[in-house]
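Here's final_18.pdb, which has PDB, C-alpha atoms:
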ATOM      1  CA  MET A  38    -105.179 -31.210-180.553
ATOM      2  CA  PRO A  39    -108.009 -30.326-182.979
ATOM      3  CA  VAL A  40    -107.402 -27.943-185.880
ATOM      4  CA  TYR A  41    -110.424 -25.952-187.063
ATOM      5  CA  ASN A  42    -111.183 -24.366-190.411
ATOM      6  CA  GLU A  43    -112.124 -21.056-188.748
ATOM      7  CA  PRO A  44    -111.502 -19.393-185.355
ATOM      8  CA  SER A  45    -114.358 -21.184-183.611
ATOM      9  CA  ALA A  46    -114.728 -24.700-182.223
ATOM     10  CA  ARG A  47    -117.197 -25.825-184.878
ATOM     11  CA  THR A  48    -115.750 -27.751-187.820
ATOM     12  CA  VAL A  49    -112.638 -29.861-187.159
ATOM     13  CA  LEU A  50    -110.238 -29.806-190.085
ATOM     14  CA  ASP A  51    -107.569 -32.134-188.690
ATOM     15  CA  THR A  52    -105.889 -33.198-185.450
ATOM     16  CA  LEU A  53    -102.263 -32.770-184.360
ATOM     17  CA  SER A  54    -100.329 -35.013-181.989
ATOM     18  CA  TYR A  55     -98.061 -33.630-179.271
ATOM     19  CA  GLY A  56     -94.643 -32.689-180.647
ATOM     20  CA  THR A  57     -95.908 -31.644-184.075
ATOM     21  CA  GLU A  58     -94.102 -28.541-185.313
ATOM     22  CA  VAL A  59     -96.322 -25.732-186.567
ATOM     23  CA  ASN A  60     -95.675 -22.263-187.950
ATOM     24  CA  ILE A  61     -97.701 -19.450-186.424
ATOM     25  CA  ILE A  62     -99.088 -17.204-189.157
ATOM     26  CA  GLU A  63    -101.339 -14.939-187.105
ATOM     27  CA  VAL A  64    -102.603 -14.542-183.532
ATOM     28  CA  ARG A  65    -106.230 -13.470-183.649
ATOM     29  CA  PRO A  66    -107.806 -11.058-181.140
ATOM     30  CA  GLU A  67    -110.635 -13.527-180.479
ATOM     31  CA  GLY A  68    -110.235 -15.863-177.551
ATOM     32  CA  GLY A  69    -111.510 -16.768-174.135
ATOM     33  CA  ALA A  70    -110.983 -19.027-171.158
ATOM     34  CA  HIS A  71    -110.346 -22.560-172.419
ATOM     35  CA  PRO A  72    -110.517 -25.532-169.976
ATOM     36  CA  LEU A  73    -107.266 -27.482-169.542
ATOM     37  CA  PHE A  74    -109.046 -30.115-167.431
ATOM     38  CA  THR A  75    -111.919 -30.574-164.976
ATOM     39  CA  TYR A  76    -111.503 -31.331-161.284
ATOM     40  CA  GLN A  77    -113.674 -31.934-158.246
ATOM     41  CA  SER A  78    -114.078 -29.009-155.839
ATOM     42  CA  ASP A  79    -116.125 -30.049-152.798
ATOM     43  CA  THR A  80    -119.145 -31.629-154.505
ATOM     44  CA  VAL A  81    -118.939 -29.619-157.725
ATOM     45  CA  ALA A  82    -116.970 -30.409-160.890
ATOM     46  CA  LYS A  83    -115.035 -27.308-161.955
ATOM     47  CA  ALA A  84    -113.016 -26.483-165.046
ATOM     48  CA  TYR A  85    -109.432 -25.259-164.711
ATOM     49  CA  THR A  86    -109.250 -22.674-167.462
ATOM     50  CA  HIS A  87    -106.463 -20.819-169.216
ATOM     51  CA  PRO A  88    -106.795 -17.566-171.211
ATOM     52  CA  SER A  89    -106.470 -18.613-174.847
ATOM     53  CA  LYS A  90    -106.236 -16.974-178.250
ATOM     54  CA  TRP A  91    -107.095 -18.358-181.660
ATOM     55  CA  VAL A  92    -103.963 -18.843-183.740
ATOM     56  CA  LEU A  93    -103.726 -19.367-187.493
ATOM     57  CA  ILE A  94    -101.069 -22.017-188.093
ATOM     58  CA  GLU A  95     -99.402 -23.764-190.995
ATOM     59  CA  PHE A  96     -98.701 -27.480-190.589
ATOM     60  CA  GLY A  97     -98.066 -30.654-192.559
ATOM     61  CA  ASN A  98     -98.005 -30.132-196.307
ATOM     62  CA  ARG A  99     -98.571 -26.361-196.073
ATOM     63  CA  GLN A 100    -102.058 -26.859-194.663
ATOM     64  CA  ARG A 101    -103.562 -24.010-192.687
ATOM     65  CA  GLY A 102    -106.067 -23.975-189.858
ATOM     66  CA  TYR A 103    -106.906 -22.493-186.480
ATOM     67  CA  VAL A 104    -106.022 -23.807-183.019
ATOM     68  CA  LEU A 105    -106.306 -22.471-179.491
ATOM     69  CA  ASN A 106    -102.860 -21.662-178.112
ATOM     70  CA  THR A 107    -103.667 -23.402-174.804
ATOM     71  CA  TYR A 108    -101.662 -26.461-175.846
ATOM     72  CA  LEU A 109     -98.923 -24.723-177.853
ATOM     73  CA  LEU A 110     -95.411 -24.650-176.380
ATOM     74  CA  GLY A 111     -92.632 -22.543-177.853
ATOM     75  CA  PHE A 112     -90.017 -25.278-177.479
ATOM     76  CA  PRO A 113     -88.385 -27.710-179.946
ATOM     77  CA  THR A 114     -89.929 -31.117-180.623
ATOM     78  CA  ASN A 115     -88.776 -33.767-178.161
ATOM     79  CA  LEU A 116     -86.335 -36.245-179.743
ATOM     80  CA  THR A 117     -85.331 -38.086-176.562
ATOM     81  CA  ALA A 118     -86.660 -40.562-174.000
ATOM     82  CA  ARG A 119     -85.282 -38.751-170.927
ATOM     83  CA  MET A 120     -86.098 -35.289-169.653
ATOM     84  CA  ILE A 121     -82.461 -34.547-168.820
ATOM     85  CA  ASP A 122     -81.587 -35.110-172.488
ATOM     86  CA  TYR A 123     -84.511 -33.007-173.685
ATOM     87  CA  PHE A 124     -83.436 -30.127-171.455
ATOM     88  CA  SER A 125     -80.013 -30.455-173.113
ATOM     89  CA  GLN A 126     -81.775 -29.749-176.419
ATOM     90  CA  LEU A 127     -82.927 -26.439-174.920
ATOM     91  CA  SER A 128     -79.674 -25.412-173.225
ATOM     92  CA  ALA A 129     -76.182 -26.680-172.391
ATOM     93  CA  ILE A 130     -75.434 -28.376-169.067
ATOM     94  CA  VAL A 131     -73.257 -26.106-166.919
ATOM     95  CA  GLU A 132     -73.049 -28.337-163.834
ATOM     96  CA  GLU A 133     -73.546 -32.057-163.206
ATOM     97  CA  ARG A 134     -73.337 -33.667-159.759
ATOM     98  CA  ASN A 135     -73.528 -37.366-158.886
ATOM     99  CA  GLU A 136     -73.711 -38.174-155.180
ATOM    100  CA  ASN A 137     -73.317 -41.660-153.744
ATOM    101  CA  LYS A 138     -75.074 -43.334-150.842
ATOM    102  CA  THR A 139     -75.548 -41.367-147.622
ATOM    103  CA  GLU A 140     -77.723 -41.796-144.539
ATOM    104  CA  ARG A 141     -80.506 -39.893-146.330
ATOM    105  CA  PHE A 142     -80.495 -41.442-149.817
ATOM    106  CA  CYS A 143     -79.001 -44.164-152.020
ATOM    107  CA  SER A 144     -77.903 -41.775-154.758
ATOM    108  CA  ARG A 145     -78.629 -38.334-156.153
ATOM    109  CA  ASN A 146     -78.033 -36.982-159.654
ATOM    110  CA  SER A 147     -78.488 -33.328-160.492
ATOM    111  CA  TYR A 148     -78.091 -31.224-163.626
ATOM    112  CA  THR A 149     -78.067 -27.454-163.987
ATOM    113  CA  TYR A 150     -78.553 -25.899-167.418
ATOM    114  CA  LYS A 151     -77.386 -22.574-168.786
ATOM    115  CA  ASN A 152     -80.978 -21.330-169.130
ATOM    116  CA  GLY A 153     -81.562 -21.879-165.390
ATOM    117  CA  ILE A 154     -83.446 -25.191-165.549
ATOM    118  CA  ARG A 155     -82.424 -27.570-162.742
ATOM    119  CA  TYR A 156     -83.182 -31.309-162.678
ATOM    120  CA  THR A 157     -82.532 -33.532-159.661
ATOM    121  CA  TYR A 158     -83.371 -37.193-159.115
ATOM    122  CA  THR A 159     -82.969 -38.677-155.629
ATOM    123  CA  ASP A 160     -83.136 -42.440-155.069
ATOM    124  CA  LEU A 161     -84.499 -42.865-151.548
ATOM    125  CA  GLY A 162     -84.228 -46.646-151.561
ATOM    126  CA  PRO A 163     -84.307 -49.390-150.676
ATOM    127  CA  CYS A 164     -80.897 -49.409-152.352
ATOM    128  CA  GLU A 165     -80.302 -51.890-155.190
ATOM    129  CA  ALA A 166     -84.063 -52.379-155.611
ATOM    130  CA  CYS A 167     -87.039 -50.568-157.071
ATOM    131  CA  GLY A 168     -88.421 -48.344-154.368
ATOM    132  CA  HIS A 169     -88.917 -44.658-153.697
ATOM    133  CA  GLY A 170     -87.540 -41.856-155.858
ATOM    134  CA  VAL A 171     -88.161 -38.108-156.099
ATOM    135  CA  THR A 172     -87.668 -35.986-159.217
ATOM    136  CA  GLU A 173     -87.411 -32.211-158.712
ATOM    137  CA  ILE A 174     -87.387 -29.797-161.656
ATOM    138  CA  SER A 175     -87.076 -26.005-161.617
ATOM    139  CA  LEU A 176     -88.503 -24.352-164.740
ATOM    140  CA  PRO A 177     -87.677 -20.618-164.667
ATOM    141  CA  GLY A 178     -89.923 -18.444-166.799
ATOM    142  CA  TRP A 179     -92.511 -21.211-167.299
ATOM    143  CA  THR A 180     -96.199 -20.946-166.403
ATOM    144  CA  LEU A 181     -98.371 -23.579-164.731
ATOM    145  CA  GLN A 182    -100.131 -24.101-168.071
ATOM    146  CA  GLN A 183     -96.840 -24.739-169.884
ATOM    147  CA  ALA A 184     -95.586 -27.096-167.159
ATOM    148  CA  PHE A 185     -98.883 -29.020-167.124
ATOM    149  CA  VAL A 186     -98.911 -29.486-170.912
ATOM    150  CA  PHE A 187     -95.230 -30.494-170.898
ATOM    151  CA  ILE A 188     -95.396 -33.007-168.027
ATOM    152  CA  THR A 189     -98.625 -34.659-169.204
ATOM    153  CA  ASN A 190     -97.392 -35.020-172.798
ATOM    154  CA  PHE A 191     -93.656 -35.672-172.506
ATOM    155  CA  ASP A 192     -93.748 -39.482-172.635
ATOM    156  CA  THR A 193     -94.644 -40.828-176.075
ATOM    157  CA  GLU A 194     -94.712 -44.462-174.880
ATOM    158  CA  LEU A 195     -96.991 -45.020-171.893
ATOM    159  CA  TRP A 196     -98.091 -48.125-170.013
ATOM    160  CA  ASN A 197    -100.557 -48.798-167.230
ATOM    161  CA  MET A 198     -99.829 -50.837-164.081
ATOM    162  CA  ASP A 199    -100.443 -54.083-166.004
ATOM    163  CA  GLY A 200     -97.897 -53.168-168.672
ATOM    164  CA  LYS A 201    -100.548 -52.446-171.298
ATOM    165  CA  SER A 202    -100.080 -49.536-173.664
ATOM    166  CA  ILE A 203    -102.274 -46.472-173.142
ATOM    167  CA  GLY A 204    -102.880 -43.680-175.605
ATOM    168  CA  SER A 205    -102.911 -40.680-173.281
ATOM    169  CA  TYR A 206    -101.251 -39.767-169.990
ATOM    170  CA  LEU A 207    -104.510 -38.194-168.825
ATOM    171  CA  GLU A 208    -106.344 -41.536-169.138
ATOM    172  CA  LEU A 209    -104.801 -42.671-165.851
ATOM    173  CA  VAL A 210    -104.649 -39.403-163.928
ATOM    174  CA  GLY A 211    -106.367 -39.577-160.566
ATOM    175  CA  ALA A 212    -108.232 -36.689-158.953
ATOM    176  CA  ILE A 213    -106.512 -33.365-159.626
ATOM    177  CA  GLU A 214    -106.263 -30.963-156.695
ATOM    178  CA  VAL A 215    -106.084 -27.282-157.550
ATOM    179  CA  LYS A 216    -105.029 -24.219-155.571
ATOM    180  CA  GLU A 217    -105.827 -21.215-157.748
ATOM    181  CA  SER A 218    -104.771 -18.405-155.375
ATOM    182  CA  TYR A 219    -101.083 -17.405-155.548
ATOM    183  CA  PRO A 220     -98.914 -19.376-155.421
ATOM    184  CA  GLY A 221    -101.010 -21.605-157.673
ATOM    185  CA  GLN A 222    -100.572 -25.350-157.383
ATOM    186  CA  LEU A 223    -101.717 -28.434-159.303
ATOM    187  CA  GLN A 224    -101.368 -31.936-157.887
ATOM    188  CA  TRP A 225    -102.440 -35.336-159.207
ATOM    189  CA  GLU A 226    -101.695 -39.044-159.030
ATOM    190  CA  HIS A 227    -100.581 -41.008-162.091
ATOM    191  CA  ILE A 228     -99.958 -44.765-161.709
ATOM    192  CA  HIS A 229     -96.895 -44.786-159.360
ATOM    193  CA  ASP A 230     -96.400 -40.997-159.293
ATOM    194  CA  LEU A 231     -97.649 -38.122-157.166
ATOM    195  CA  VAL A 232     -97.024 -35.023-159.296
ATOM    196  CA  THR A 233     -97.023 -31.492-157.855
ATOM    197  CA  LEU A 234     -96.589 -28.276-159.855
ATOM    198  CA  THR A 235     -96.098 -25.121-157.771
ATOM    199  CA  GLU A 236     -96.047 -21.568-159.077
ATOM    200  CA  THR A 237     -93.140 -19.388-157.901
ATOM    201  CA  GLU A 238     -92.008 -15.814-158.541
ATOM    202  CA  ASP A 239     -89.478 -17.143-161.076
ATOM    203  CA  GLY A 240     -91.507 -19.873-162.785
ATOM    204  CA  VAL A 241     -92.664 -23.344-161.742
ATOM    205  CA  GLU A 242     -91.277 -26.012-159.411
ATOM    206  CA  VAL A 243     -92.131 -29.615-160.316
ATOM    207  CA  GLN A 244     -91.948 -32.552-157.894
ATOM    208  CA  ILE A 245     -92.648 -36.132-158.988
ATOM    209  CA  ASP A 246     -92.743 -38.536-156.051
ATOM    210  CA  THR A 247     -92.522 -42.120-157.338
ATOM    211  CA  ILE A 248     -93.135 -45.247-155.243
ATOM    212  CA  LEU A 249     -92.836 -48.641-156.996
TER     213      LEU A 249
END
What is this structure when it is put down as structure tokens?
Amino acid sequence: MPVYNEPSARTVLDTLSYGTEVNIIEVRPEGGAHPLFTYQSDTVAKAYTHPSKWVLIEFGNRQRGYVLNTYLLGFPTNLTARMIDYFSQLSAIVEERNENKTERFCSRNSYTYKNGIRYTYTDLGPCEACGHGVTEISLPGWTLQQAFVFITNFDTELWNMDGKSIGSYLELVGAIEVKESYPGQLQWEHIHDLVTLTETEDGVEVQIDTIL
């Protein structure tokens, strides 16, 4: 994320990687619709925008600069490799269920957190082999923008289908489909995953359908 020396996208002062902690000094009244990504609508490329404000932050060795709050999340830095462990950083687990093989799935593991987040992974088989799995996450109080930034930046170590390291999740995102009318929905393909984010009255529902 670029850091600017004034509240305008002119001179870049520095760049910040995902997970960098910053202190917010001031939220400026200036802002506008900032594009999160572009997508194809019929034959026209459109920008999916999010209302953004310029924010004066302090980072690093007491450096100061301005960023757009589009990519800021008010959550702790991720210190884990698994989402279930990261959600434990945010809130305690209040219920854990582990289900064995049934006619419908090979196994299912679910976690409910005190703050209302729910995480479920269902292994659809074939059993004892890499196959088809579905991850479902309920994020109460989250917005589509927050869920998009979180999902596309969570993994710090990424590989393509050939096992080669890639620098950004978005490098290998296929066409993004967007439904902007309520309930809003974003959907895209990423290597083995079909990811769907759906807006609800309470927050966002995430589904990651993985076929290996």
Starting from the displayed file, determine the output of the PyMOL selection byres ((chain A and resi 178-189) around 6) and express the residue list as an mmCIF file with C-alpha atoms, in the frame of the given file.
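The resulting file, selection-v1.cif, is shown below:
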data_model
loop_
_atom_site.group_PDB
_atom_site.id
_atom_site.type_symbol
_atom_site.label_atom_id
_atom_site.label_comp_id
_atom_site.auth_asym_id
_atom_site.auth_seq_id
_atom_site.Cartn_x
_atom_site.Cartn_y
_atom_site.Cartn_z
ATOM 1 C CA LEU A 176 -88.503 -24.352 -164.740
ATOM 2 C CA PRO A 177 -87.677 -20.618 -164.667
ATOM 3 C CA ASN A 190 -97.392 -35.020 -172.798
ATOM 4 C CA PHE A 191 -93.656 -35.672 -172.506
ATOM 5 C CA TYR A 206 -101.251 -39.767 -169.990
ATOM 6 C CA ASP A 239 -89.478 -17.143 -161.076
ATOM 7 C CA GLY A 240 -91.507 -19.873 -162.785
ATOM 8 C CA VAL A 241 -92.664 -23.344 -161.742
#
Can you list, as a JSON list (two decimals) with C-alpha atoms, in the frame of the given file, every protein, DNA or RNA residue that comes within 7 Å of Tyr76 (chain A) when you count only C-alpha atoms, leaving out same-chain residues fewer than 3 positions away?
[["chain", "number", "residue", "atom", "x", "y", "z"],
["A", 82, "ALA", "CA", -116.97, -30.41, -160.89],
["A", 83, "LYS", "CA", -115.04, -27.31, -161.96],
["A", 84, "ALA", "CA", -113.02, -26.48, -165.05],
["A", 212, "ALA", "CA", -108.23, -36.69, -158.95],
["A", 213, "ILE", "CA", -106.51, -33.36, -159.63],
["A", 214, "GLU", "CA", -106.26, -30.96, -156.70]]
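The interatomic distance for the pair CA of Leu116 (chain A) and CA of Thr159 (chain A) works out to 24.5 Å.
The residues returned by the PyMOL selection byres ((chain A and resi 231) around 6) for this structure are Trp225, Glu226, Asp230, Val232, Ile245 and Asp246 of chain A.
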Inset, instruction - Go through the shown structure with the PyMOL selection byres ((chain A and resi 55-61) around 6) and write out the matching residues as a PyMOL selection string. - result: chain A and resi 54+62-63+94-96+114
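Taking all atoms listed in the file into account, Thr172 (chain A) lies nearest to A:Gln244 out of the set A:Glu43, A:Gln244, A:Arg155, A:Val131.
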Legend entry - Residue neighbourhood Pro72 (chain A), 9 Å, all atoms listed in the file, exclusion window fewer than 6 positions, as a count of residues only: 6
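The spacing separating CA of Ser45 (chain A) from CA of Tyr108 (chain A) amounts to 15.8 Å.
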Legend entry - Selected residue, from A:Tyr158, A:Arg99, A:Leu53, A:Thr149, that lies nearest to Glu136 (chain A) when counting all atoms listed in the file: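 The closest residue to Glu136 (chain A) is A:Tyr158.
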Inset, instruction - State, in Å with one decimal place, the distance from CA of Lys151 (chain A) to CA of Ala129 (chain A). - result: 5.6 Å
Legend entry - Best match for closeness to Arg119 (chain A) among A:Tyr156, A:Glu208, A:Thr233, A:Leu249, counting only C-alpha atoms: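 Comparing A:Tyr156, A:Glu208, A:Thr233, A:Leu249 against Arg119 (chain A), the winner is A:Tyr156.
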Identify, on the basis of all atoms listed in the file, every residue whose closest approach to Ile130 (chain A) does not exceed 10 Å; exclude the query and any residue fewer than 5 positions from it along the same chain; express the result as a PDB file with C-alpha atoms, keeping the file's coordinate frame.
ATOM      1  CA  ILE A 121     -82.461 -34.547-168.820  1.00  0.00           C
ATOM      2  CA  ASP A 122     -81.587 -35.110-172.488  1.00  0.00           C
ATOM      3  CA  PHE A 124     -83.436 -30.127-171.455  1.00  0.00           C
ATOM      4  CA  SER A 125     -80.013 -30.455-173.113  1.00  0.00           C
ATOM      5  CA  TYR A 148     -78.091 -31.224-163.626  1.00  0.00           C
ATOM      6  CA  THR A 149     -78.067 -27.454-163.987  1.00  0.00           C
ATOM      7  CA  TYR A 150     -78.553 -25.899-167.418  1.00  0.00           C
ATOM      8  CA  LYS A 151     -77.386 -22.574-168.786  1.00  0.00           C
ATOM      9  CA  ASN A 152     -80.978 -21.330-169.130  1.00  0.00           C
ATOM     10  CA  GLY A 153     -81.562 -21.879-165.390  1.00  0.00           C
ATOM     11  CA  ILE A 154     -83.446 -25.191-165.549  1.00  0.00           C
ATOM     12  CA  ARG A 155     -82.424 -27.570-162.742  1.00  0.00           C
TER      13      ARG A 155
END
Inset, instruction - Could you give me, as a count of residues only, the residues that sit within 9 Å of (-110.2, -22.3, -175.6) in the file's coordinates, counting only C-alpha atoms? - result: 17
Legend entry - Minimum-distance residue to Leu50 (chain A), chosen among A:Glu67, A:Gly102, A:Phe142, A:Thr75 (using only C-alpha atoms):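 Smallest distance to Leu50 (chain A) is found for A:Gly102.
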How big is the axis-aligned box around all listed atoms of region 164-168 of chain A once 4 Å goes on each side, and where's its centre, in Å to one decimal, as AutoDock Vina command-line options?
--center_x -84.4 --center_y -50.4 --center_z -154.7 --size_x 16.1 --size_y 12.0 --size_z 12.7
